[in-house]
$ cat final.cif   # mmCIF, C-alpha atoms and all ligand atoms
data_entry
#
loop_
_atom_site.label_atom_id
_atom_site.label_comp_id
_atom_site.auth_asym_id
_atom_site.auth_seq_id
_atom_site.Cartn_x
_atom_site.Cartn_y
_atom_site.Cartn_z
CA MET A 806 0.00 0.00 0.00
CA SER A 807 1.18 3.51 -0.74
CA ALA A 808 2.54 5.41 2.28
CA CYS A 809 0.52 8.44 1.23
CA GLU A 810 -2.73 9.22 -0.45
CA GLU A 811 -3.23 11.61 -3.32
CA VAL A 812 -4.20 15.07 -2.18
CA VAL A 813 -7.92 15.71 -2.29
CA ILE A 814 -9.34 19.05 -1.33
CA GLU A 815 -13.03 18.94 -0.69
CA PRO A 816 -15.24 21.71 -1.98
CA ASP A 817 -16.26 24.05 0.80
CA THR A 818 -19.85 22.83 0.96
CA ALA A 819 -20.60 24.89 4.07
CA ARG A 820 -20.22 28.07 2.05
CA GLY A 821 -21.51 26.55 -1.18
CA VAL A 822 -18.41 27.57 -3.13
CA ALA A 823 -15.92 25.44 -5.00
CA ARG A 824 -12.51 26.07 -3.54
CA ASP A 825 -11.06 29.00 -1.73
CA PRO A 826 -8.64 30.86 -4.01
CA ILE A 827 -5.93 30.56 -1.38
CA ASP A 828 -6.49 26.79 -1.20
CA GLU A 829 -6.21 26.76 -4.99
CA VAL A 830 -2.83 28.51 -4.88
CA ILE A 831 -1.52 26.28 -2.08
CA ALA A 832 -2.67 23.07 -3.75
CA SER A 833 -1.35 23.99 -7.18
CA ARG A 834 2.19 24.80 -6.02
CA LEU A 835 4.50 21.96 -6.85
CA SER A 836 8.20 21.44 -7.31
CA CYS A 837 8.80 22.21 -10.95
CA ARG A 838 11.97 20.77 -12.47
CA GLU A 839 11.39 21.76 -16.09
CA PHE A 840 11.02 25.46 -16.81
CA SER A 841 10.41 27.15 -20.14
CA GLY A 842 13.04 29.68 -21.16
CA SER A 843 10.60 32.60 -21.00
CA PRO A 844 11.96 35.40 -18.84
CA VAL A 845 10.53 36.75 -15.59
CA ALA A 846 10.83 40.49 -15.08
CA ARG A 847 12.76 41.88 -12.15
CA ALA A 848 9.57 43.78 -11.18
CA THR A 849 7.70 40.46 -10.83
CA ILE A 850 10.36 39.05 -8.50
CA GLU A 851 10.30 42.29 -6.52
CA GLN A 852 6.51 41.97 -6.11
CA ILE A 853 6.91 38.33 -5.01
CA LEU A 854 9.52 39.22 -2.40
CA ARG A 855 7.58 42.29 -1.23
CA VAL A 856 4.52 40.19 -0.48
CA ALA A 857 6.55 37.25 0.91
CA ARG A 858 8.04 39.54 3.57
CA PHE A 859 4.65 39.53 5.32
CA ALA A 860 5.56 36.07 6.65
CA PRO A 861 5.39 36.06 10.43
CA SER A 862 8.56 35.72 12.47
CA GLY A 863 9.14 35.44 16.19
CA ALA A 864 9.50 38.96 17.63
CA ASN A 865 9.25 40.13 14.00
CA ILE A 866 12.99 39.67 13.49
CA GLN A 867 12.58 38.73 9.76
CA PRO A 868 15.69 36.54 9.58
CA TRP A 869 15.75 36.02 5.78
CA HIS A 870 18.08 37.32 3.10
CA VAL A 871 17.66 36.65 -0.61
CA TYR A 872 20.19 36.82 -3.44
CA VAL A 873 18.30 37.11 -6.74
CA LEU A 874 20.10 35.79 -9.81
CA ALA A 875 19.26 36.11 -13.49
CA GLY A 876 21.08 36.38 -16.80
CA THR A 877 24.88 36.26 -16.77
CA ALA A 878 25.10 36.34 -12.97
CA LYS A 879 22.96 33.21 -12.73
CA ALA A 880 24.80 31.49 -15.58
CA GLU A 881 28.19 32.12 -13.93
CA VAL A 882 27.03 30.75 -10.58
CA SER A 883 25.45 27.72 -12.29
CA ALA A 884 28.66 26.98 -14.20
CA ALA A 885 30.82 27.23 -11.07
CA LEU A 886 28.50 24.95 -9.07
CA LEU A 887 28.21 22.41 -11.85
CA HIS A 888 31.97 22.32 -12.19
CA ALA A 889 32.34 21.70 -8.45
CA PHE A 890 29.66 19.01 -8.53
CA GLU A 891 31.35 17.23 -11.41
CA THR A 892 34.94 17.50 -10.22
CA GLU A 893 34.91 17.53 -6.39
CA PRO A 894 31.44 16.56 -5.12
CA SER A 895 32.65 15.06 -1.83
CA GLU A 896 34.43 18.30 -0.87
CA HIS A 897 31.17 20.22 -0.54
CA VAL A 898 29.06 19.77 2.57
CA SER A 899 26.18 21.85 3.89
CA GLU A 900 26.75 23.89 7.03
CA TYR A 901 23.60 22.42 8.53
CA GLN A 902 22.13 18.93 8.54
CA TYR A 903 18.98 18.84 6.43
CA TYR A 904 18.20 15.13 6.66
CA ALA A 905 18.31 12.87 9.70
CA SER A 906 21.06 10.24 9.40
CA GLU A 907 18.42 7.55 9.88
CA PHE A 908 14.73 7.85 9.06
CA PRO A 909 12.26 6.15 11.40
CA GLU A 910 8.84 5.19 10.04
CA PRO A 911 6.66 6.61 8.61
CA TYR A 912 9.35 8.86 7.07
CA LEU A 913 11.46 6.01 5.72
CA GLY A 914 8.51 4.62 3.75
CA ARG A 915 7.65 8.07 2.43
CA ARG A 916 11.21 8.73 1.34
CA GLN A 917 11.31 5.37 -0.46
CA GLU A 918 8.01 6.21 -2.15
CA PHE A 919 9.47 9.58 -3.19
CA GLY A 920 12.42 7.79 -4.83
CA ARG A 921 10.14 5.36 -6.68
CA LEU A 922 7.82 8.12 -7.94
CA PHE A 923 10.51 10.68 -8.71
CA TYR A 924 12.95 8.48 -10.62
CA GLY A 925 10.05 6.45 -12.09
CA SER A 926 8.57 9.62 -13.59
CA LEU A 927 11.93 10.38 -15.21
CA GLY A 928 12.42 6.83 -16.50
CA ILE A 929 15.54 6.46 -14.32
CA ALA A 930 16.21 3.13 -12.60
CA GLN A 931 17.10 3.78 -8.95
CA SER A 932 20.14 1.54 -9.41
CA ASP A 933 21.42 3.79 -12.24
CA ALA A 934 23.77 6.06 -10.27
CA ALA A 935 25.04 7.89 -13.38
CA ALA A 936 21.51 8.84 -14.51
CA ARG A 937 20.59 9.93 -10.96
CA SER A 938 23.72 12.07 -10.86
CA ARG A 939 22.78 13.70 -14.20
CA GLN A 940 19.39 14.56 -12.72
CA THR A 941 21.03 16.03 -9.58
CA ALA A 942 23.28 18.13 -11.82
CA LYS A 943 20.18 19.85 -13.25
CA ASN A 944 19.71 21.50 -9.84
CA PHE A 945 22.68 23.75 -10.51
CA GLY A 946 21.18 25.16 -13.69
CA PHE A 947 18.03 25.98 -11.67
CA PHE A 948 16.26 23.44 -13.92
CA GLY A 949 16.31 25.97 -16.76
CA ALA A 950 14.42 28.63 -14.76
CA PRO A 951 15.24 32.24 -15.67
CA VAL A 952 15.54 33.27 -12.01
CA GLY A 953 17.40 31.61 -9.18
CA LEU A 954 17.16 32.66 -5.55
CA ILE A 955 19.74 31.84 -2.91
CA ILE A 956 18.24 32.09 0.57
CA THR A 957 20.43 32.67 3.59
CA ILE A 958 19.87 33.00 7.33
CA ASP A 959 22.07 34.52 10.01
CA ARG A 960 23.95 31.66 11.71
CA ARG A 961 23.84 33.47 15.09
CA LEU A 962 20.09 32.85 15.28
CA ALA A 963 18.54 29.72 16.79
CA MET A 964 16.38 26.90 15.45
CA GLY A 965 13.18 28.90 15.92
CA SER A 966 14.26 31.37 13.27
CA TRP A 967 14.38 28.52 10.74
CA LEU A 968 10.60 28.20 11.27
CA ASP A 969 10.32 31.85 10.26
CA LEU A 970 12.53 31.24 7.25
CA GLY A 971 10.37 28.31 6.11
CA MET A 972 7.28 30.49 6.24
CA PHE A 973 9.01 33.13 4.16
CA ILE A 974 10.14 30.55 1.61
CA GLN A 975 6.61 29.15 1.32
CA ASN A 976 5.27 32.67 0.81
CA VAL A 977 7.75 33.19 -2.03
CA MET A 978 6.59 30.00 -3.71
CA LEU A 979 2.88 30.79 -3.26
CA ALA A 980 3.30 34.35 -4.50
CA ALA A 981 4.99 32.86 -7.57
CA VAL A 982 1.97 30.58 -8.20
CA GLY A 983 -0.30 33.62 -7.86
CA ARG A 984 1.54 35.09 -10.86
CA GLY A 985 1.33 31.96 -13.04
CA LEU A 986 4.86 30.87 -12.12
CA GLN A 987 6.20 27.75 -10.45
CA SER A 988 9.25 27.11 -8.33
CA CYS A 989 11.47 24.44 -6.83
CA PRO A 990 13.00 24.75 -3.36
CA GLN A 991 16.51 23.22 -3.41
CA GLU A 992 18.59 22.30 -0.39
CA THR A 993 21.27 21.10 -2.85
CA PHE A 994 22.63 24.66 -3.02
CA ALA A 995 23.45 24.67 0.70
CA LYS A 996 26.24 22.18 0.08
CA TYR A 997 28.04 24.64 -2.20
CA HIS A 998 28.29 27.59 0.20
CA ARG A 999 32.07 27.77 -0.29
CA ILE A 1000 31.46 28.67 -3.93
CA LEU A 1001 28.34 30.79 -3.39
CA ARG A 1002 29.88 32.92 -0.62
CA PRO A 1003 32.62 34.63 -2.65
CA ALA A 1004 30.54 34.64 -5.85
CA LEU A 1005 27.63 36.49 -4.21
CA SER A 1006 29.58 38.33 -1.48
CA ILE A 1007 27.62 36.52 1.23
CA PRO A 1008 28.85 37.76 4.62
CA ALA A 1009 30.44 35.25 6.99
CA GLU A 1010 27.53 35.39 9.44
CA GLN A 1011 25.03 34.23 6.82
CA MET A 1012 24.46 30.53 6.22
CA VAL A 1013 23.14 29.31 2.86
CA ALA A 1014 19.82 27.62 3.65
CA CYS A 1015 18.64 26.71 0.15
CA GLY A 1016 18.03 27.90 -3.38
CA ILE A 1017 14.74 28.35 -5.20
CA SER A 1018 14.25 28.13 -8.96
CA VAL A 1019 11.47 30.41 -10.22
CA GLY A 1020 9.99 30.58 -13.69
CA HIS A 1021 7.26 29.52 -16.08
CA PRO A 1022 6.70 25.77 -16.07
CA ARG A 1023 7.44 24.11 -19.40
CA GLU A 1024 4.21 22.16 -19.08
CA ARG A 1025 1.20 23.98 -17.64
CA GLY A 1026 -1.39 22.15 -15.54
CA ARG A 1027 0.92 19.23 -14.84
CA ALA A 1028 -0.58 16.90 -12.23
CA ARG A 1029 1.02 16.68 -8.82
CA LEU A 1030 3.45 13.78 -8.68
CA MET A 1031 3.99 13.65 -4.95
CA PRO A 1032 1.05 12.50 -2.82
CA ARG A 1033 0.36 13.52 0.76
CA ALA A 1034 -0.68 11.55 3.80
CA ASP A 1035 -4.31 12.20 4.63
CA LEU A 1036 -5.54 14.11 7.65
CA GLU A 1037 -5.81 11.09 9.99
CA ALA A 1038 -2.06 10.49 9.62
CA PHE A 1039 -1.04 13.85 11.04
CA ALA A 1040 -3.91 15.51 12.92
CA SER A 1041 -5.52 14.65 16.25
CA PHE A 1042 -8.79 16.32 17.14
CA LYS A 1043 -10.12 16.66 20.66
CA GLY A 1044 -13.12 18.43 22.13
CA PHE A 1045 -15.19 18.83 18.97
CA GLU A 1046 -17.78 16.32 20.23
CA ASP A 1047 -18.49 18.49 23.30
C1 LIG C 1101 13.56 22.72 1.92
C2 LIG C 1101 13.39 21.86 0.70
C3 LIG C 1101 14.50 21.46 -0.03
C4 LIG C 1101 14.35 20.71 -1.23
N1 LIG C 1101 15.46 20.43 -1.96
C5 LIG C 1101 15.30 19.89 -3.21
C6 LIG C 1101 16.43 19.77 -4.07
O1 LIG C 1101 17.56 20.09 -3.70
N2 LIG C 1101 16.23 19.29 -5.33
C7 LIG C 1101 14.98 18.94 -5.78
O2 LIG C 1101 14.86 18.53 -6.94
N3 LIG C 1101 13.89 19.04 -4.97
C8 LIG C 1101 14.01 19.52 -3.72
N4 LIG C 1101 12.92 19.70 -2.90
C9 LIG C 1101 11.58 19.39 -3.41
C10 LIG C 1101 10.95 18.16 -2.72
O3 LIG C 1101 11.45 16.99 -3.30
C11 LIG C 1101 9.42 18.28 -2.92
O4 LIG C 1101 8.96 19.40 -2.22
C12 LIG C 1101 8.67 17.05 -2.41
O5 LIG C 1101 9.03 15.90 -3.11
C13 LIG C 1101 7.15 17.26 -2.52
O6 LIG C 1101 6.78 17.53 -3.85
P1 LIG C 1101 6.04 18.87 -4.26
O7 LIG C 1101 6.89 20.03 -3.80
O8 LIG C 1101 5.94 18.82 -5.76
O9 LIG C 1101 4.70 18.89 -3.59
C14 LIG C 1101 13.05 20.34 -1.67
C15 LIG C 1101 11.94 20.72 -0.90
C16 LIG C 1101 12.10 21.46 0.26
C17 LIG C 1101 10.89 21.88 1.04
#

$ encode --input "final.cif" --output "C-alpha cells" --more "lines below"
Ligand SMILES: Cc1cc2nc3c(=O)[nH]c(=O)nc-3n(C[C@H](O)[C@H](O)[C@H](O)COP(=O)(O)O)c2cc1C
Amino acid sequence: MSACEEVVIEPDTARGVARDPIDEVIASRLSCREFSGSPVARATIEQILRVARFAPSGANIQPWHVYVLAGTAKAEVSAALLHAFETEPSEHVSEYQYYASEFPEPYLGRRQEFGRLFYGSLGIAQSDAAARSRQTAKNFGFFGAPVGLIITIDRRLAMGSWLDLGMFIQNVMLAAVGRGLQSCPQETFAKYHRILRPALSIPAEQMVACGISVGHPRERGRARLMPRADLEAFASFKGFED
C-alpha cells in the first residue's frame, strides 16, 4: 500500500463555493523541475519578495536574506557549481544537517516512495547512479528557470528562526503561483556555500539555507506527482464532540 494518499481538497460545501482561491494557490504549487526559457521580469520578483516579507517571524525579526540571480550572474554561478559538482562533489558539505542520518517510520517509507515516484517519472532506474547524478546536476542550472534565488539566514540565530525562514520561503513560492509561475525549493545549493559565498559576497555570518528556482513551467497544468498523507495520519482532534 502507498505510504501516502493523493491530495484531495473537498469543496467548501458549508459556504456553497468550490474552492477557496488561497487553497487553490496552495494546492497547485509543486516542485517544478522543467522550466520554459521565458523570462521573468525583475519587477515580478520584486513583487513576489515584497509580499513574501509579510511572513510572520518570532519577535518580527525577519531573519531572511535573498540573493536574486538572473542572466549572466545566474549562468556564472550555475557553471561554477556544476563544475564543483562534477569535479569535487565530496568536498562540498552543507553547514547544517537537512536530513536525519536515519529515518524512522513513517518517514522512511515516504522517502522510499518519493524515490520510486521521482525516478520512475523520469524513467531512471534507482540503481542507475550515473543517470541519478545527471538529474542532480540539473539543480545547478536551476532546472532551466530564468531566475534563481539563494536564501540565507544569520547563523547566530537559533532553530526557531528557521521556522520563520520556512514560512518566508513558502510565501515566495505561493506568491509565484499567484503570478502563473512555479518554483522548486533546493537544499542542494546549501552544500556549495564555499562557492556561493565569494561569488555572491555573502557575509560570513550568513548561512546558505537553500536555493529556489522560479519561472514559467514548461508544461502547464501538470498533475502533482507527490502525494500527501491524509488528515488522519497527522492531525488529532479533541473536544469537537463536546
Ligand atoms: C527545503 C526543501 C528542499 C528541497 N530540496 C530539493 C532539491 O535540492 N532538489 C529537488 O529537486 N527538490 C528539492 N525539494 C523538493 C521536494 O522533493 C518536494 O517538495 C517534495 O518531493 C514534494 O513535492 P512537491 O513540492 O511537488 O509537492 C526540496 C523541498 C524542500 C521543502

$ atom_distance --input "final.cif" --atom1 "CA of Ala1028 in chain A" --atom2 "atom C1 of ligand LIG 1101 (chain C)"
20.8 Å

$ residues_around --input "final.cif" --residues "Val1013 in chain A" --least-positions-apart "3" --cutoff "8 Å" --atoms "only C-alpha atoms" --output "list in words"
Glu900, Ile955, Ile956, Thr957, Ile958, Phe994, Ala995 and His998 of chain A

$ residues_near_ligand --input "final.cif" --ligand "ligand LIG 1101 (chain C)" --cutoff "6 Å" --atoms "only C-alpha atoms and all ligand atoms" --output "ChimeraX atom specification"
/A:835-836,990-993,1031

$ closest_residue --input "final.cif" --among "A:Ala963, A:Ala935, A:Ala880, A:Val845" --to "Gly863 in chain A" --atoms "all atoms listed in the file"
A:Ala963

$ closest_residue --input "final.cif" --among "A:Gly928, A:Gly1044, A:Gly971, A:Gly842" --to "Phe948 in chain A" --atoms "only C-alpha atoms"
A:Gly842

$ residues_around --input "final.cif" --residues "Ser841 in chain A" --least-positions-apart "5" --cutoff "7 Å" --atoms "all atoms listed in the file" --output "list in words"
Gly949, Ala950, His1021, Pro1022 and Arg1023 of chain A

$ residues_around --input "final.cif" --residues "Ala905 in chain A" --least-positions-apart "6" --cutoff "12 Å" --atoms "all atoms listed in the file" --output "VMD selection string"
chain A and resid 912 to 913 916

$ closest_residue --input "final.cif" --among "A:Tyr901, A:Ala980, A:Leu887, A:Ala942" --to "Met964 in chain A" --atoms "only C-alpha atoms"
A:Tyr901

$ closest_residue --input "final.cif" --among "A:Pro911, A:Leu968, A:Trp869, A:Asp825" --to "Ala1034 in chain A" --atoms "all atoms listed in the file"
A:Pro911

$ atom_distance --input "final.cif" --atom1 "CA of Met1012 in chain A" --atom2 "CA of Arg960 in chain A"
5.6 Å

$ closest_residue --input "final.cif" --among "A:Phe859, A:Glu839, A:Ala832, A:Tyr924" --to "Lys943 in chain A" --atoms "only C-alpha atoms"
A:Glu839

$ residues_around --input "final.cif" --residues "Gln931 in chain A" --least-positions-apart "2" --cutoff "12 Å" --atoms "all atoms listed in the file" --output "PyMOL selection string"
chain A and resi 917-929+933-938+940

$ build_atoms --input "final.cif" --residues "range 913-924 of chain A" --atoms "all heavy atoms" --output "CSV table (one decimal), in the frame of the given file"
chain,number,residue,atom,x,y,z
A,913,LEU,N,10.7,6.9,6.6
A,913,LEU,CA,11.5,6.0,5.7
A,913,LEU,C,10.6,5.5,4.5
A,913,LEU,O,11.0,5.6,3.4
A,913,LEU,CB,12.0,4.8,6.5
A,913,LEU,CG,12.8,3.8,5.7
A,913,LEU,CD1,14.1,4.5,5.2
A,913,LEU,CD2,13.2,2.6,6.6
A,914,GLY,N,9.4,5.1,4.8
A,914,GLY,CA,8.5,4.6,3.8
A,914,GLY,C,8.2,5.7,2.8
A,914,GLY,O,8.1,5.5,1.6
A,915,ARG,N,8.0,6.9,3.3
A,915,ARG,CA,7.6,8.1,2.4
A,915,ARG,C,8.8,8.4,1.5
A,915,ARG,O,8.7,8.8,0.4
A,915,ARG,CB,7.2,9.3,3.3
A,915,ARG,CG,5.9,9.1,3.9
A,915,ARG,CD,5.5,10.2,4.8
A,915,ARG,NE,4.3,10.0,5.6
A,915,ARG,CZ,3.9,10.7,6.6
A,915,ARG,NH1,4.6,11.7,7.0
A,915,ARG,NH2,2.8,10.4,7.2
A,916,ARG,N,10.0,8.4,2.1
A,916,ARG,CA,11.2,8.7,1.3
A,916,ARG,C,11.4,7.7,0.2
A,916,ARG,O,11.8,8.0,-0.9
A,916,ARG,CB,12.5,8.8,2.2
A,916,ARG,CG,13.6,9.4,1.5
A,916,ARG,CD,14.9,9.4,2.3
A,916,ARG,NE,15.4,8.0,2.5
A,916,ARG,CZ,16.6,7.7,2.8
A,916,ARG,NH1,17.5,8.7,3.0
A,916,ARG,NH2,17.0,6.5,3.0
A,917,GLN,N,11.2,6.4,0.6
A,917,GLN,CA,11.3,5.4,-0.5
A,917,GLN,C,10.3,5.6,-1.6
A,917,GLN,O,10.6,5.4,-2.7
A,917,GLN,CB,11.2,4.0,0.2
A,917,GLN,CG,12.4,3.7,1.0
A,917,GLN,CD,12.2,2.5,2.0
A,917,GLN,OE1,11.0,2.1,2.3
A,917,GLN,NE2,13.3,1.9,2.4
A,918,GLU,N,9.1,6.0,-1.1
A,918,GLU,CA,8.0,6.2,-2.2
A,918,GLU,C,8.4,7.4,-3.0
A,918,GLU,O,8.2,7.4,-4.3
A,918,GLU,CB,6.7,6.5,-1.5
A,918,GLU,CG,5.6,6.7,-2.5
A,918,GLU,CD,4.2,7.0,-1.8
A,918,GLU,OE1,4.2,7.9,-0.9
A,918,GLU,OE2,3.2,6.3,-2.2
A,919,PHE,N,9.0,8.4,-2.4
A,919,PHE,CA,9.5,9.6,-3.2
A,919,PHE,C,10.4,9.1,-4.3
A,919,PHE,O,10.3,9.5,-5.4
A,919,PHE,CB,10.2,10.6,-2.3
A,919,PHE,CG,11.0,11.6,-3.0
A,919,PHE,CD1,10.4,12.7,-3.6
A,919,PHE,CD2,12.4,11.4,-3.2
A,919,PHE,CE1,11.2,13.6,-4.4
A,919,PHE,CE2,13.1,12.3,-3.9
A,919,PHE,CZ,12.5,13.4,-4.5
A,920,GLY,N,11.4,8.3,-3.9
A,920,GLY,CA,12.4,7.8,-4.8
A,920,GLY,C,11.8,7.0,-6.0
A,920,GLY,O,12.1,7.2,-7.1
A,921,ARG,N,10.8,6.1,-5.6
A,921,ARG,CA,10.1,5.4,-6.7
A,921,ARG,C,9.4,6.3,-7.6
A,921,ARG,O,9.5,6.2,-8.9
A,921,ARG,CB,9.1,4.4,-6.0
A,921,ARG,CG,9.7,3.1,-5.5
A,921,ARG,CD,8.6,2.1,-5.3
A,921,ARG,NE,7.6,2.5,-4.3
A,921,ARG,CZ,7.7,2.5,-3.0
A,921,ARG,NH1,8.7,2.0,-2.4
A,921,ARG,NH2,6.7,2.9,-2.2
A,922,LEU,N,8.6,7.2,-7.1
A,922,LEU,CA,7.8,8.1,-7.9
A,922,LEU,C,8.7,9.1,-8.8
A,922,LEU,O,8.5,9.3,-9.9
A,922,LEU,CB,6.8,8.9,-7.1
A,922,LEU,CG,5.7,8.2,-6.4
A,922,LEU,CD1,5.0,9.0,-5.4
A,922,LEU,CD2,4.8,7.6,-7.5
A,923,PHE,N,9.7,9.7,-8.1
A,923,PHE,CA,10.5,10.7,-8.7
A,923,PHE,C,11.3,10.1,-9.9
A,923,PHE,O,11.2,10.5,-11.0
A,923,PHE,CB,11.4,11.3,-7.7
A,923,PHE,CG,12.3,12.4,-8.2
A,923,PHE,CD1,11.7,13.5,-8.8
A,923,PHE,CD2,13.7,12.3,-8.1
A,923,PHE,CE1,12.6,14.6,-9.3
A,923,PHE,CE2,14.5,13.4,-8.6
A,923,PHE,CZ,13.9,14.5,-9.2
A,924,TYR,N,12.1,9.1,-9.6
A,924,TYR,CA,13.0,8.5,-10.6
A,924,TYR,C,12.1,7.7,-11.6
A,924,TYR,O,12.4,7.7,-12.8
A,924,TYR,CB,14.1,7.6,-10.0
A,924,TYR,CG,15.1,8.5,-9.3
A,924,TYR,CD1,15.2,8.4,-7.9
A,924,TYR,CD2,15.8,9.4,-10.0
A,924,TYR,CE1,16.1,9.3,-7.2
A,924,TYR,CE2,16.7,10.3,-9.3
A,924,TYR,CZ,16.8,10.2,-7.9
A,924,TYR,OH,17.7,11.0,-7.3
